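I have placed the structure first, in the form of structure tokens, so that the comments after it can refer back to it.
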Amino acid sequence: MFSSLGPLSRLLMFSAILALVAGCGGGGSGNSSPPPSNGGGTTPPTDPKPDFTEVDETFQTFIDDSIVFDGISYVVVDATGTLHTATFGDHTADTVVMLASTSKVPAVMTLMALEEDSDSSFSMSQPIGEVLPFNGVYADRTPAQLVSNTSGIPGLRQLGLYGPHLCQFSFEESIDFEACGQILLSVPLPDSHEAGTIFDYGGSQW
């Protein structure tokens, strides 16, 4: 076929074929699109964005069915920032609520970080009487027992018998934080138990 063409015609024909092949990506280097990954590359795949749809639906169902709670709000964060926020019922993004037992999480995280710090001598298994500047009937209890609600110190179920221990719930400016802590450590409560013998949630051990 090509033998009947002159030299110039054959050159033009080959140039057209090469251009067509290059345009179709047949081995040409001008294609800027990367080849599809075969899973063997060194670049890690991008983590998919977390989906909180099911969680949100669960909270919404809970609020719809509850005769006690009027609203719920929550936020999920990680080291990079806020991942998700949602409000339900009568809650809005500006609703102010008490942290209450939610504060237990950062409190324990702080204690664990302190124990792991090589510059710290703090230990979760060390009696608190060896750490605090005052002593008392509960001085032999350890932080691990306190935060696991197994210290034997009566929990919230005995709130009616707390007496002077109620200082921990006061917003009075006259209540000294350290003085209240000394009361919690030194004033025995009814129905106290040996550490490790009972689970009793919350209260003075926190």
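The way I read the labels, and the way they are meant: chains A, B, ... in the order of the structure tokens, residue 1 as the first residue of every chain, and ligand 1 as the first ligand shown, with later ones counted on from there.
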Counting only C-alpha atoms, what are the residues of region 56-124 of chain A within 12 Å of region 183-204 of chain A, and for each of them which pair of atoms is the nearest and at what distance in Å, to one decimal? Sort the table by chain and rising number, as a tab-separated table.
residue	atom	partner	partner_atom	distance
A:Ala100	CA	A:Gly202	CA	10.5
A:Ser101	CA	A:Gly202	CA	8.3
A:Thr102	CA	A:Gly202	CA	11.7
A:Ser103	CA	A:Gly202	CA	11.8
A:Lys104	CA	A:Gly202	CA	9.7
Saved selection, atoms kept: N, CA, C and O atoms, as a CSV table (one decimal), in the first residue's frame:
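Contents of the output file result29.csv:
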chain,number,residue,atom,x,y,z
A,100,ALA,N,-20.9,17.4,84.3
A,100,ALA,CA,-21.2,16.3,85.2
A,100,ALA,C,-20.2,15.2,85.0
A,100,ALA,O,-19.0,15.5,85.0
A,101,SER,N,-20.6,14.0,84.8
A,101,SER,CA,-19.7,12.8,84.8
A,101,SER,C,-18.9,12.8,83.5
A,101,SER,O,-18.0,12.0,83.4
A,102,THR,N,-19.2,13.6,82.5
A,102,THR,CA,-18.4,13.7,81.3
A,102,THR,C,-17.0,14.1,81.6
A,102,THR,O,-16.0,13.8,80.9
A,103,SER,N,-16.9,14.9,82.7
A,103,SER,CA,-15.5,15.3,83.2
A,103,SER,C,-14.6,14.2,83.6
A,103,SER,O,-13.4,14.3,83.7
A,104,LYS,N,-15.2,13.0,83.9
A,104,LYS,CA,-14.4,11.9,84.3
A,104,LYS,C,-13.4,11.4,83.2
A,104,LYS,O,-12.3,11.0,83.5
* Skip region 58-70 of chain A itself and residues of its chain fewer than 6 positions away, then list as a list of chain:residue names all residues within 8 Å of it, counting only C-alpha atoms. =>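 Close residues of region 58-70 of chain A: A:Phe88, A:Gly89, A:Asp90, A:His91.
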Go through region 70-176 of chain A residue by residue and, counting only C-alpha atoms, keep those with an atom at most 12 Å from region 50-53 of chain A; for each kept residue give the shortest atom pair and its distance in Å to one decimal, ordered by chain and increasing number, as JSON lines.
{"residue": "A:Tyr74", "atom": "CA", "partner": "A:Phe52", "partner_atom": "CA", "distance": 11.3}
{"residue": "A:Val75", "atom": "CA", "partner": "A:Phe52", "partner_atom": "CA", "distance": 10.8}
{"residue": "A:Val76", "atom": "CA", "partner": "A:Phe52", "partner_atom": "CA", "distance": 9.7}
{"residue": "A:Val77", "atom": "CA", "partner": "A:Pro50", "partner_atom": "CA", "distance": 11.3}
{"residue": "A:Asp78", "atom": "CA", "partner": "A:Pro50", "partner_atom": "CA", "distance": 11.6}
{"residue": "A:Thr82", "atom": "CA", "partner": "A:Pro50", "partner_atom": "CA", "distance": 11.6}
{"residue": "A:Leu83", "atom": "CA", "partner": "A:Pro50", "partner_atom": "CA", "distance": 7.8}
{"residue": "A:His84", "atom": "CA", "partner": "A:Phe52", "partner_atom": "CA", "distance": 7.6}
{"residue": "A:Thr85", "atom": "CA", "partner": "A:Phe52", "partner_atom": "CA", "distance": 9.4}
{"residue": "A:Ala86", "atom": "CA", "partner": "A:Phe52", "partner_atom": "CA", "distance": 9.4}
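With CA of Val105 (chain A) on one side and CA of Gly136 (chain A) on the other, the separation reads 26.3 Å.
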* So which residues of region 61-161 of chain A fall under strand (DSSP E or B) by DSSP, listed as a list in words? ->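 Going through region 61-161 of chain A, the strand (DSSP E or B) residues come out as Gly71, Ile72, Ser73, Tyr74, Val75, Val76, Val77, Asp78, Gly81, Thr82, Leu83, His84, Thr85, Ala86, Thr87, Phe88 and Gly89 of chain A.
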